[in-house]
$ cat upload23.txt   # compact mmCIF, C-alpha atoms
# COMPACT_ATOMS: atom_id res chain seq x y z
CA LEU A 439 0.00 0.00 0.00
CA ALA A 440 2.86 2.36 0.72
CA TRP A 441 4.44 1.55 -2.63
CA TYR A 442 1.08 2.11 -4.34
CA ALA A 443 0.61 5.51 -2.71
CA GLU A 444 3.97 6.63 -4.07
CA HIS A 445 4.11 4.97 -7.50
CA ARG A 446 0.57 4.49 -8.79
CA ARG A 447 -0.28 6.00 -12.15
CA ASP A 448 -2.58 9.01 -12.37
CA LEU A 449 -5.45 7.35 -14.24
CA PRO A 450 -8.89 8.89 -14.85
CA TRP A 451 -10.70 6.28 -12.74
CA ARG A 452 -8.27 6.43 -9.80
CA GLY A 453 -9.93 7.81 -6.69
CA GLU A 454 -13.33 7.35 -8.30
CA ARG A 455 -16.14 6.32 -5.96
CA ASP A 456 -19.05 6.28 -8.40
CA PRO A 457 -19.75 2.52 -8.85
CA TYR A 458 -20.97 3.08 -12.41
CA ARG A 459 -17.72 4.72 -13.51
CA ILE A 460 -15.65 2.11 -11.70
CA TRP A 461 -17.66 -0.63 -13.38
CA VAL A 462 -17.16 0.90 -16.85
CA SER A 463 -13.40 1.19 -16.30
CA GLU A 464 -13.04 -2.38 -15.06
CA VAL A 465 -15.02 -3.78 -18.01
CA MET A 466 -12.93 -1.81 -20.49
CA LEU A 467 -9.67 -2.88 -18.87
CA GLN A 468 -10.41 -6.58 -19.36
CA GLN A 469 -7.79 -7.87 -21.83
CA THR A 470 -7.05 -4.31 -22.96
CA GLN A 471 -4.09 -2.04 -22.19
CA VAL A 472 -4.59 1.10 -20.14
CA VAL A 473 -3.27 3.41 -22.86
CA THR A 474 -5.91 2.05 -25.25
CA VAL A 475 -8.73 2.30 -22.72
CA ILE A 476 -8.30 5.93 -21.59
CA PRO A 477 -9.78 7.72 -24.65
CA TYR A 478 -12.63 5.18 -24.86
CA TYR A 479 -13.37 5.68 -21.16
CA TYR A 480 -13.71 9.44 -21.62
CA ALA A 481 -15.80 9.07 -24.78
CA PHE A 482 -18.10 6.47 -23.25
CA LEU A 483 -18.83 8.54 -20.14
CA GLU A 484 -19.33 11.67 -22.19
CA ARG A 485 -21.97 9.84 -24.26
CA PHE A 486 -23.45 7.84 -21.35
CA PRO A 487 -22.65 9.80 -18.15
CA THR A 488 -25.03 7.78 -15.96
CA LEU A 489 -26.36 4.25 -15.72
CA ALA A 490 -29.78 5.56 -16.79
CA ASP A 491 -28.25 7.12 -19.92
CA LEU A 492 -26.63 3.81 -20.83
CA ALA A 493 -29.85 1.87 -20.27
CA ALA A 494 -31.85 4.32 -22.40
CA ALA A 495 -29.43 4.08 -25.34
CA SER A 496 -29.78 1.64 -28.21
CA LEU A 497 -27.28 -1.18 -28.56
CA ASP A 498 -26.22 0.36 -31.89
CA ASP A 499 -25.27 3.57 -30.09
CA VAL A 500 -23.32 1.68 -27.44
CA LEU A 501 -21.42 -0.42 -29.97
CA LYS A 502 -20.59 2.67 -32.02
CA VAL A 503 -18.90 4.32 -29.03
CA TRP A 504 -17.14 1.00 -28.29
CA GLU A 505 -16.03 0.54 -31.91
CA GLY A 506 -12.35 -0.38 -32.13
CA LEU A 507 -11.97 -1.40 -28.47
CA GLY A 508 -12.69 -5.04 -29.28
CA TYR A 509 -14.22 -7.89 -27.25
CA TYR A 510 -17.65 -6.50 -28.01
CA ALA A 511 -19.48 -8.92 -25.73
CA ARG A 512 -18.29 -6.64 -22.93
CA ALA A 513 -20.31 -3.76 -24.35
CA ARG A 514 -23.37 -5.93 -24.95
CA HIS A 515 -23.29 -7.28 -21.41
CA LEU A 516 -22.73 -3.83 -19.90
CA HIS A 517 -25.72 -2.50 -21.80
CA ALA A 518 -27.91 -5.49 -20.85
CA ALA A 519 -26.94 -5.19 -17.18
CA ALA A 520 -27.73 -1.46 -17.17
CA ARG A 521 -31.18 -2.14 -18.62
CA ARG A 522 -31.84 -4.86 -16.05
CA LEU A 523 -30.82 -2.58 -13.18
CA VAL A 524 -33.07 0.22 -14.39
CA ALA A 525 -36.00 -2.14 -14.98
CA ASP A 526 -35.72 -4.26 -11.84
CA HIS A 527 -33.62 -2.32 -9.31
CA ALA A 528 -34.62 1.33 -9.81
CA GLY A 529 -31.27 2.00 -11.49
CA ARG A 530 -29.26 1.13 -8.39
CA ILE A 531 -26.04 -0.85 -8.67
CA PRO A 532 -25.90 -3.60 -6.01
CA ASP A 533 -23.35 -2.92 -3.29
CA GLY A 534 -22.30 -6.53 -2.74
CA TYR A 535 -20.16 -9.03 -4.61
CA ARG A 536 -22.79 -11.80 -4.73
CA ALA A 537 -25.50 -9.52 -6.13
CA LEU A 538 -23.10 -8.07 -8.70
CA ARG A 539 -22.21 -11.57 -9.89
CA ARG A 540 -25.81 -12.10 -10.99
CA LEU A 541 -25.64 -9.32 -13.58
CA PRO A 542 -24.99 -10.11 -17.29
CA GLY A 543 -21.29 -10.34 -18.04
CA MET A 544 -20.28 -9.66 -14.44
CA GLY A 545 -17.56 -12.22 -13.84
CA ASP A 546 -15.75 -13.01 -10.63
CA TYR A 547 -12.96 -10.50 -11.15
CA THR A 548 -15.14 -7.56 -12.22
CA ALA A 549 -17.63 -8.11 -9.39
CA ALA A 550 -14.81 -8.27 -6.86
CA ALA A 551 -13.16 -5.15 -8.23
CA VAL A 552 -16.38 -3.10 -8.16
CA ALA A 553 -17.42 -4.43 -4.74
CA SER A 554 -14.05 -3.67 -3.16
CA ILE A 555 -13.25 -0.34 -4.84
CA ALA A 556 -16.72 1.20 -4.86
CA PHE A 557 -18.20 -0.32 -1.70
CA GLY A 558 -15.22 -1.37 0.44
CA GLU A 559 -16.20 -5.05 0.55
CA ALA A 560 -13.30 -7.26 1.57
CA VAL A 561 -13.21 -9.51 -1.49
CA ALA A 562 -10.06 -10.25 -3.51
CA ALA A 563 -10.01 -9.28 -7.20
CA VAL A 564 -7.76 -11.78 -9.00
CA ASP A 565 -6.85 -11.01 -12.60
CA GLY A 566 -3.88 -12.03 -14.73
CA ASN A 567 -1.59 -9.44 -13.16
CA VAL A 568 -2.45 -10.60 -9.65
CA LYS A 569 -1.98 -14.26 -10.54
CA ARG A 570 1.47 -13.49 -11.91
CA VAL A 571 2.54 -11.52 -8.83
CA LEU A 572 1.31 -14.16 -6.40
CA ALA A 573 2.72 -17.09 -8.39
CA ARG A 574 6.14 -15.44 -8.21
CA LEU A 575 5.77 -14.39 -4.57
CA GLU A 576 5.13 -17.99 -3.49
CA ALA A 577 7.16 -19.68 -6.27
CA ILE A 578 4.10 -21.60 -7.44
CA THR A 579 5.28 -23.73 -10.34
CA ASP A 580 2.04 -25.51 -11.21
CA HIS A 581 0.27 -24.37 -14.36
CA VAL A 582 -1.98 -21.39 -13.57
CA SER A 583 -4.67 -22.78 -15.85
CA GLN A 584 -5.26 -25.67 -13.44
CA SER A 585 -8.28 -25.23 -11.19
CA THR A 586 -6.27 -26.28 -8.14
CA THR A 587 -3.70 -23.56 -8.85
CA THR A 588 -6.42 -20.97 -9.37
CA ARG A 589 -7.97 -21.87 -6.01
CA ARG A 590 -4.57 -21.67 -4.32
CA LEU A 591 -3.85 -18.23 -5.76
CA ARG A 592 -7.31 -16.98 -4.78
CA ALA A 593 -6.85 -18.25 -1.25
CA LEU A 594 -3.50 -16.46 -1.04
CA ALA A 595 -5.04 -13.23 -2.33
CA CYS A 596 -7.82 -13.47 0.27
CA HIS A 597 -5.25 -14.15 3.01
CA LEU A 598 -3.22 -11.04 2.11
CA LEU A 599 -6.25 -8.74 1.68
CA PRO A 600 -6.58 -6.12 4.46
CA SER A 601 -10.17 -5.69 5.62
CA ASP A 602 -9.86 -1.92 6.07
CA ARG A 603 -8.59 -1.03 2.55
CA PRO A 604 -9.52 -3.87 0.22
CA GLY A 605 -10.12 -1.65 -2.83
CA ASP A 606 -6.77 0.08 -2.53
CA PHE A 607 -4.98 -3.22 -1.97
CA ASN A 608 -6.60 -4.87 -5.00
CA GLN A 609 -5.57 -1.91 -7.14
CA ALA A 610 -2.07 -1.90 -5.63
CA LEU A 611 -1.58 -5.56 -6.48
CA MET A 612 -2.80 -5.00 -10.06
CA GLU A 613 -0.55 -1.95 -10.38
CA LEU A 614 2.45 -3.89 -9.11
CA GLY A 615 1.88 -6.47 -11.84
CA ALA A 616 1.45 -3.80 -14.49
CA LEU A 617 4.48 -1.68 -13.61
CA VAL A 618 7.06 -3.85 -11.83
CA CYS A 619 6.19 -7.56 -11.84
CA THR A 620 5.69 -7.54 -15.59
CA PRO A 621 5.34 -10.65 -17.78
CA GLN A 622 8.80 -10.21 -19.29
CA SER A 623 11.86 -9.01 -17.39
CA PRO A 624 10.31 -8.06 -14.02
CA THR A 625 12.02 -5.11 -12.31
CA CYS A 626 12.71 -6.90 -9.05
CA PRO A 627 14.95 -4.22 -7.45
CA ALA A 628 11.98 -1.81 -7.57
CA CYS A 629 9.55 -4.26 -5.96
CA PRO A 630 8.40 -3.71 -2.36
CA TRP A 631 8.16 -7.50 -1.94
CA GLN A 632 11.62 -8.32 -3.30
CA ASP A 633 12.90 -9.67 0.02
CA ASP A 634 9.82 -11.85 0.51
CA CYS A 635 9.60 -13.20 -3.03
CA ARG A 636 10.33 -16.91 -3.12
CA GLY A 637 10.44 -16.92 -6.90
CA ARG A 638 13.21 -14.31 -6.89
CA ALA A 639 15.10 -16.17 -4.16
CA ALA A 640 15.04 -19.27 -6.31
CA GLY A 641 15.97 -17.31 -9.45
CA ILE A 642 12.87 -18.51 -11.31
CA GLN A 643 10.71 -15.38 -11.19
CA ALA A 644 10.96 -14.71 -14.92
CA THR A 645 9.71 -18.22 -15.72
CA LEU A 646 6.54 -17.81 -13.67
CA PRO A 647 3.66 -18.23 -13.90
CA ARG A 648 3.82 -21.47 -15.80
CA ARG A 649 1.33 -21.87 -18.63
CA ARG A 650 0.58 -24.66 -21.04
CA ALA A 651 1.96 -24.15 -24.54
CA ARG A 652 -0.63 -22.61 -26.82
CA ALA A 653 -1.56 -24.50 -29.94
CA ALA A 654 -1.11 -22.76 -33.27
CA LEU A 655 -4.14 -20.67 -34.19
CA PRO A 656 -6.27 -22.25 -36.93
CA HIS A 657 -6.64 -20.27 -40.13
CA VAL A 658 -9.98 -19.47 -41.78
CA THR A 659 -10.51 -18.10 -45.30
CA VAL A 660 -13.37 -15.59 -45.45
CA THR A 661 -14.96 -13.53 -48.21
CA ALA A 662 -16.86 -10.24 -48.15
CA GLY A 663 -18.55 -8.25 -50.87
CA VAL A 664 -18.94 -4.53 -51.45
CA ILE A 665 -22.36 -4.99 -53.07
CA ARG A 666 -23.43 -1.88 -54.95
CA HIS A 667 -26.95 -0.86 -55.91
CA THR A 668 -27.52 0.98 -59.17
CA ASP A 669 -27.90 4.23 -57.19
CA GLY A 670 -24.45 3.86 -55.58
CA ARG A 671 -25.54 2.63 -52.17
CA VAL A 672 -23.79 -0.40 -50.66
CA LEU A 673 -25.35 -3.29 -48.77
CA ILE A 674 -24.40 -3.93 -45.14
CA ALA A 675 -25.70 -6.55 -42.72
CA GLN A 676 -25.89 -6.65 -38.94
CA ARG A 677 -24.56 -9.70 -37.13
CA LYS A 678 -26.92 -11.60 -34.86
CA PRO A 679 -26.68 -10.59 -31.17
CA THR A 680 -25.58 -14.08 -30.13
CA ALA A 681 -22.87 -14.37 -32.80
CA MET A 682 -19.24 -13.43 -32.46
CA LEU A 683 -19.05 -9.63 -32.89
CA GLY A 684 -22.81 -9.65 -32.33
CA GLY A 685 -24.64 -6.43 -33.10
CA LEU A 686 -21.88 -5.04 -35.31
CA TRP A 687 -22.38 -4.30 -39.00
CA GLU A 688 -20.38 -5.89 -41.78
CA PHE A 689 -20.10 -6.31 -45.51
CA PRO A 690 -21.95 -9.54 -46.40
CA GLY A 691 -19.99 -12.72 -46.85
CA GLY A 692 -18.64 -15.61 -44.80
CA LYS A 693 -16.36 -18.60 -44.44
CA CYS A 694 -15.24 -20.69 -47.37
CA LEU A 695 -15.92 -24.40 -47.37
CA ASP A 696 -13.02 -26.77 -48.07
CA ASP A 697 -11.55 -26.07 -51.53
CA GLU A 698 -14.50 -23.81 -52.41
CA PRO A 699 -13.58 -21.10 -54.95
CA LEU A 700 -13.69 -17.63 -53.38
CA THR A 701 -16.27 -16.26 -55.79
CA ASP A 702 -18.54 -19.28 -55.32
CA CYS A 703 -18.24 -18.88 -51.57
CA LEU A 704 -19.24 -15.23 -51.69
CA ARG A 705 -22.27 -15.83 -53.88
CA ARG A 706 -23.40 -18.71 -51.67
CA GLU A 707 -22.91 -16.81 -48.41
CA VAL A 708 -24.79 -13.74 -49.66
CA ARG A 709 -27.65 -15.94 -50.87
CA GLU A 710 -27.82 -17.78 -47.52
CA GLU A 711 -27.49 -14.60 -45.48
CA LEU A 712 -29.74 -12.21 -47.42
CA GLY A 713 -31.51 -14.17 -50.14
CA ILE A 714 -30.20 -12.11 -53.08
CA GLU A 715 -28.12 -12.75 -56.17
CA ILE A 716 -24.90 -10.89 -56.91
CA GLU A 717 -22.28 -10.72 -59.63
CA VAL A 718 -18.77 -10.93 -58.19
CA GLY A 719 -16.24 -8.61 -59.78
CA GLN A 720 -12.61 -7.79 -59.08
CA ARG A 721 -10.89 -8.47 -55.78
CA LEU A 722 -10.28 -5.20 -53.96
CA THR A 723 -7.99 -6.33 -51.15
CA VAL A 724 -7.04 -9.12 -48.75
CA LEU A 725 -7.16 -8.31 -45.03
CA ARG A 726 -5.49 -10.46 -42.39
CA HIS A 727 -6.50 -10.39 -38.75
CA SER A 728 -6.02 -12.51 -35.63
CA TYR A 729 -8.70 -13.12 -33.03
CA THR A 730 -8.23 -14.88 -29.70
CA HIS A 731 -8.80 -18.39 -31.04
CA PHE A 732 -8.25 -18.17 -34.79
CA ARG A 733 -6.91 -15.98 -37.58
CA ILE A 734 -8.50 -15.03 -40.88
CA SER A 735 -7.66 -13.97 -44.39
CA LEU A 736 -10.55 -11.83 -45.61
CA HIS A 737 -10.86 -11.56 -49.40
CA VAL A 738 -12.90 -8.48 -50.36
CA PHE A 739 -14.59 -8.26 -53.76
CA GLU A 740 -16.38 -5.56 -55.71
CA CYS A 741 -19.91 -6.87 -56.41
CA ARG A 742 -22.99 -5.86 -58.35
CA PHE A 743 -26.51 -6.43 -57.08
CA VAL A 744 -28.33 -8.63 -59.61
CA GLY A 745 -31.72 -9.36 -58.10
CA GLY A 746 -33.96 -10.39 -55.26
CA GLU A 747 -35.19 -8.52 -52.22
CA PRO A 748 -32.79 -8.53 -49.25
CA ARG A 749 -34.12 -10.42 -46.24
CA ALA A 750 -32.57 -10.97 -42.81
CA ILE A 751 -32.24 -14.75 -43.23
CA ASP A 752 -28.96 -15.36 -41.41
CA CYS A 753 -28.36 -11.90 -39.98
CA ALA A 754 -30.14 -9.54 -37.59
CA ASP A 755 -30.82 -6.72 -40.06
CA TRP A 756 -29.64 -5.13 -43.30
CA ARG A 757 -29.34 -1.69 -44.89
CA TRP A 758 -28.67 -0.10 -48.24
CA ALA A 759 -26.37 2.70 -47.06
CA ARG A 760 -24.74 5.58 -48.84
CA VAL A 761 -20.98 5.64 -48.49
CA ALA A 762 -21.13 8.84 -46.44
CA GLU A 763 -23.52 7.12 -44.00
CA LEU A 764 -21.20 4.22 -43.20
CA ASP A 765 -19.53 6.20 -40.41
CA ASP A 766 -22.83 6.09 -38.52
CA TYR A 767 -22.54 2.32 -38.05
CA ALA A 768 -20.29 0.25 -35.79
CA PHE A 769 -18.06 -2.17 -37.73
CA PRO A 770 -15.40 -4.70 -36.66
CA VAL A 771 -11.83 -3.62 -37.32
CA THR A 772 -11.56 -5.52 -40.63
CA ASP A 773 -14.81 -4.11 -42.02
CA ARG A 774 -13.86 -0.61 -40.87
CA LYS A 775 -10.85 -0.98 -43.21
CA ILE A 776 -13.24 -1.87 -46.02
CA VAL A 777 -15.23 1.27 -45.20
CA ALA A 778 -12.05 3.34 -45.50
CA LEU A 779 -11.31 1.68 -48.85
CA VAL A 780 -14.80 2.39 -50.19
CA GLN A 781 -14.71 5.97 -48.94
CA GLY A 782 -11.34 6.46 -50.61
CA GLN A 783 -12.74 5.18 -53.89
CA GLU A 784 -15.62 7.63 -53.73
CA ALA A 785 -13.35 10.53 -52.84
CA ARG A 786 -11.23 9.81 -55.89
CA GLY A 787 -14.37 9.65 -58.00

$ encode --input "upload23.txt" --output "structure tokens"
Amino acid sequence: LAWYAEHRRDLPWRGERDPYRIWVSEVMLQQTQVVTVIPYYYAFLERFPTLADLAAASLDDVLKVWEGLGYYARARHLHAAARRLVADHAGRIPDGYRALRRLPGMGDYTAAAVASIAFGEAVAAVDGNVKRVLARLEAITDHVSQSTTTRRLRALACHLLPSDRPGDFNQALMELGALVCTPQSPTCPACPWQDDCRGRAAGIQATLPRRRARAALPHVTVTAGVIRHTDGRVLIAQRKPTAMLGGLWEFPGGKCLDDEPLTDCLRREVREELGIEIEVGQRLTVLRHSYTHFRISLHVFECRFVGGEPRAIDCADWRWARVAELDDYAFPVTDRKIVALVQGQEARG
């Protein structure tokens, strides 16, 4: 705690006591670096300053503000939880860990962080940073993915947690992992626990925590079409709420079957998704992107609308949109690059 008081970063949510703002920050910080989160945090709270504002907004509006931050299920769950609290709890955020855990998307770590920081509940918040610090402190060499190891680390975190300042201690432990006890090359001489660290004493701190080797990410070939109407508008589709990247808009297309020609794939996917026929023209670009569990090569084609009436067969919704209107919609990072390409084409005439 003394180290934290002296070395903690001046972050926009530090010292915050509003549970809504603490909640937003903790959700955004999941699997995302602080430097990336800060501008999104400001923009989100400017657009939705209160829980009631968030609940009253459409999911489209929420996803648009979240666009580019990734892991969009976080935004969907945050929005759903806000609506539930307004509908069933008079817009009041529960002040206890167990009640928080019952909200959509409120996992163990986030509930513990909000409960301890906003309400002073003595519950340990154990994220990846904390696991790393504690695994090194106690020289725990078992794989951290094992349930027995997770329980051991949680028990240790609970044992260390002071009942009078649990929120500060949880943040101090996370900050120690972010600034000193880093994944690579920990700065042990700057650590307040250097004399107590069993990992450092054994000279194995840099090898901890132990994790199982990750398998190579599978590769998926995907197609997408910039489908143009005779009046210049382009066709976009909204992903189903339960799908990966649910609620976001995209250029129609999908995964190729084994050995399926790219153009055949695109025509088939558009027919299955929207019930229309297209003529596939030249390839505009190939975009490569990695997600958590797989990577893709996205082949983007210029297309002409041939016939049929678009229907939301395998999507949530669809729009014929003018190129200038595309900025009003929330797209995944790959499709946002397609938007930039299409907008550049129009600017050049």

$ residues_near_point --input "upload23.txt" --point "(-15.7, 5.5, -3.6)" --cutoff "6 Å" --atoms "all atoms listed in the file" --output "list in words"
Glu454, Arg455, Asp456 and Ala556 of chain A

$ closest_residue --input "upload23.txt" --among "A:Cys619, A:Leu673, A:Ala560, A:Val465" --to "A:Arg603" --atoms "only C-alpha atoms"
A:Ala560

$ atom_distance --input "upload23.txt" --atom1 "atom CA of A:Val582" --atom2 "atom CA of A:Arg648"
6.2 Å

$ residues_around --input "upload23.txt" --residues "stretch 737-753 of chain A" --least-positions-apart "4" --cutoff "7 Å" --atoms "all atoms listed in the file" --output "list in words"
Val660, Thr661, Ala662, Gly663, Val664, Ile665, Arg666, His667, Ala675, Gln676, Arg677, Lys678, Glu710, Glu711, Leu712, Gly713, Ile714, Glu715, Ile716, Glu717, Val718, Gly719, Gln720, Arg721, Leu722, Thr723, Val724 and Leu725 of chain A

$ closest_residue --input "upload23.txt" --among "A:Val571, A:Leu439, A:Ala525, A:Ala593" --to "A:Met612" --atoms "all atoms listed in the file"
A:Val571

$ residues_around --input "upload23.txt" --residues "A:Thr730" --least-positions-apart "4" --cutoff "12 Å" --atoms "all atoms listed in the file" --output "ChimeraX atom specification"
/A:469,508-509,652-657,682,734

$ axis_aligned_box --input "upload23.txt" --around "stretch 609-624 of chain A" --padding-each-side "5 Å" --output "lines of an AutoDock Vina configuration file"
center_x = 3.1
center_y = -6.2
center_z = -12.5
size_x = 27.4
size_y = 19.0
size_z = 23.7

$ atom_distance --input "upload23.txt" --atom1 "atom CA of A:Leu516" --atom2 "atom CA of A:His731"
23.0 Å

$ residues_around --input "upload23.txt" --residues "A:Ala443" --least-positions-apart "4" --cutoff "10 Å" --atoms "all atoms listed in the file" --output "count of residues only"
4

$ atom_distance --input "upload23.txt" --atom1 "atom CA of A:Pro679" --atom2 "atom CA of A:His527"
24.4 Å

$ residues_around --input "upload23.txt" --residues "A:Tyr442" --least-positions-apart "5" --cutoff "12 Å" --atoms "all atoms listed in the file" --output "list in words"
Arg447, Asp448, Arg452, Gly605, Asp606, Phe607, Asn608, Gln609, Ala610, Leu611, Met612, Glu613, Leu614, Gly615, Ala616, Leu617, Val618, Cys629 and Pro630 of chain A

$ closest_residue --input "upload23.txt" --among "A:Asp633, A:Phe486, A:Ala553, A:Thr474" --to "A:Arg539" --atoms "all atoms listed in the file"
A:Ala553

$ residues_around --input "upload23.txt" --residues "A:Ala494" --least-positions-apart "6" --cutoff "12 Å" --atoms "all atoms listed in the file" --output "PyMOL selection string"
chain A and resi 485-488+500+517-525+529

$ closest_residue --input "upload23.txt" --among "A:Arg638, A:Ala537, A:Met544, A:Thr620" --to "A:Gly566" --atoms "all atoms listed in the file"
A:Thr620

$ closest_residue --input "upload23.txt" --among "A:Thr579, A:Gln471, A:Thr772, A:Gln632" --to "A:Tyr729" --atoms "all atoms listed in the file"
A:Thr772

$ build_atoms --input "upload23.txt" --residues "stretch 582-590 of chain A" --atoms "all heavy atoms" --output "tab-separated table (two decimals), in the frame of the given file"
chain	number	residue	atom	x	y	z
A	582	VAL	N	-0.93	-22.25	-14.13
A	582	VAL	CA	-1.98	-21.39	-13.57
A	582	VAL	C	-3.34	-21.69	-14.17
A	582	VAL	O	-4.36	-21.24	-13.63
A	582	VAL	CB	-1.64	-19.89	-13.79
A	582	VAL	CG1	-0.46	-19.48	-12.95
A	582	VAL	CG2	-1.42	-19.60	-15.26
A	583	SER	N	-3.38	-22.43	-15.27
A	583	SER	CA	-4.67	-22.78	-15.85
A	583	SER	C	-5.37	-23.90	-15.09
A	583	SER	O	-6.57	-24.13	-15.29
A	583	SER	CB	-4.49	-23.20	-17.32
A	583	SER	OG	-3.60	-24.29	-17.42
A	584	GLN	N	-4.65	-24.60	-14.22
A	584	GLN	CA	-5.26	-25.67	-13.44
A	584	GLN	C	-6.18	-25.10	-12.37
A	584	GLN	O	-5.86	-24.10	-11.73
A	584	GLN	CB	-4.18	-26.53	-12.78
A	584	GLN	CG	-3.30	-27.31	-13.76
A	584	GLN	CD	-2.21	-28.08	-13.06
A	584	GLN	OE1	-1.89	-27.82	-11.91
A	584	GLN	NE2	-1.62	-29.05	-13.77
A	585	SER	N	-7.32	-25.73	-12.17
A	585	SER	CA	-8.28	-25.23	-11.19
A	585	SER	C	-7.70	-25.24	-9.78
A	585	SER	O	-7.99	-24.34	-8.98
A	585	SER	CB	-9.56	-26.07	-11.24
A	585	SER	OG	-9.28	-27.44	-11.00
A	586	THR	N	-6.87	-26.24	-9.47
A	586	THR	CA	-6.27	-26.28	-8.14
A	586	THR	C	-5.33	-25.11	-7.92
A	586	THR	O	-5.28	-24.54	-6.82
A	586	THR	CB	-5.50	-27.60	-7.94
A	586	THR	OG1	-4.57	-27.77	-9.02
A	586	THR	CG2	-6.45	-28.79	-7.91
A	587	THR	N	-4.60	-24.71	-8.96
A	587	THR	CA	-3.70	-23.56	-8.85
A	587	THR	C	-4.50	-22.28	-8.71
A	587	THR	O	-4.15	-21.40	-7.90
A	587	THR	CB	-2.79	-23.48	-10.09
A	587	THR	OG1	-2.17	-24.74	-10.32
A	587	THR	CG2	-1.72	-22.42	-9.90
A	588	THR	N	-5.57	-22.15	-9.47
A	588	THR	CA	-6.42	-20.97	-9.37
A	588	THR	C	-6.97	-20.82	-7.96
A	588	THR	O	-6.98	-19.72	-7.39
A	588	THR	CB	-7.58	-21.06	-10.38
A	588	THR	OG1	-7.04	-21.08	-11.70
A	588	THR	CG2	-8.51	-19.87	-10.25
A	589	ARG	N	-7.44	-21.92	-7.38
A	589	ARG	CA	-7.97	-21.87	-6.01
A	589	ARG	C	-6.87	-21.49	-5.01
A	589	ARG	O	-7.12	-20.73	-4.07
A	589	ARG	CB	-8.59	-23.21	-5.64
A	589	ARG	CG	-9.91	-23.50	-6.35
A	589	ARG	CD	-10.65	-24.65	-5.68
A	589	ARG	NE	-9.92	-25.90	-5.78
A	589	ARG	CZ	-10.06	-26.77	-6.79
A	589	ARG	NH1	-10.91	-26.50	-7.78
A	589	ARG	NH2	-9.39	-27.90	-6.82
A	590	ARG	N	-5.68	-21.99	-5.22
A	590	ARG	CA	-4.57	-21.67	-4.32
A	590	ARG	C	-4.21	-20.19	-4.39
A	590	ARG	O	-3.99	-19.54	-3.36
A	590	ARG	CB	-3.35	-22.53	-4.68
A	590	ARG	CG	-2.15	-22.33	-3.78
A	590	ARG	CD	-1.01	-23.23	-4.20
A	590	ARG	NE	0.18	-22.98	-3.41
A	590	ARG	CZ	1.37	-23.53	-3.65
A	590	ARG	NH1	1.50	-24.39	-4.67
A	590	ARG	NH2	2.42	-23.25	-2.89
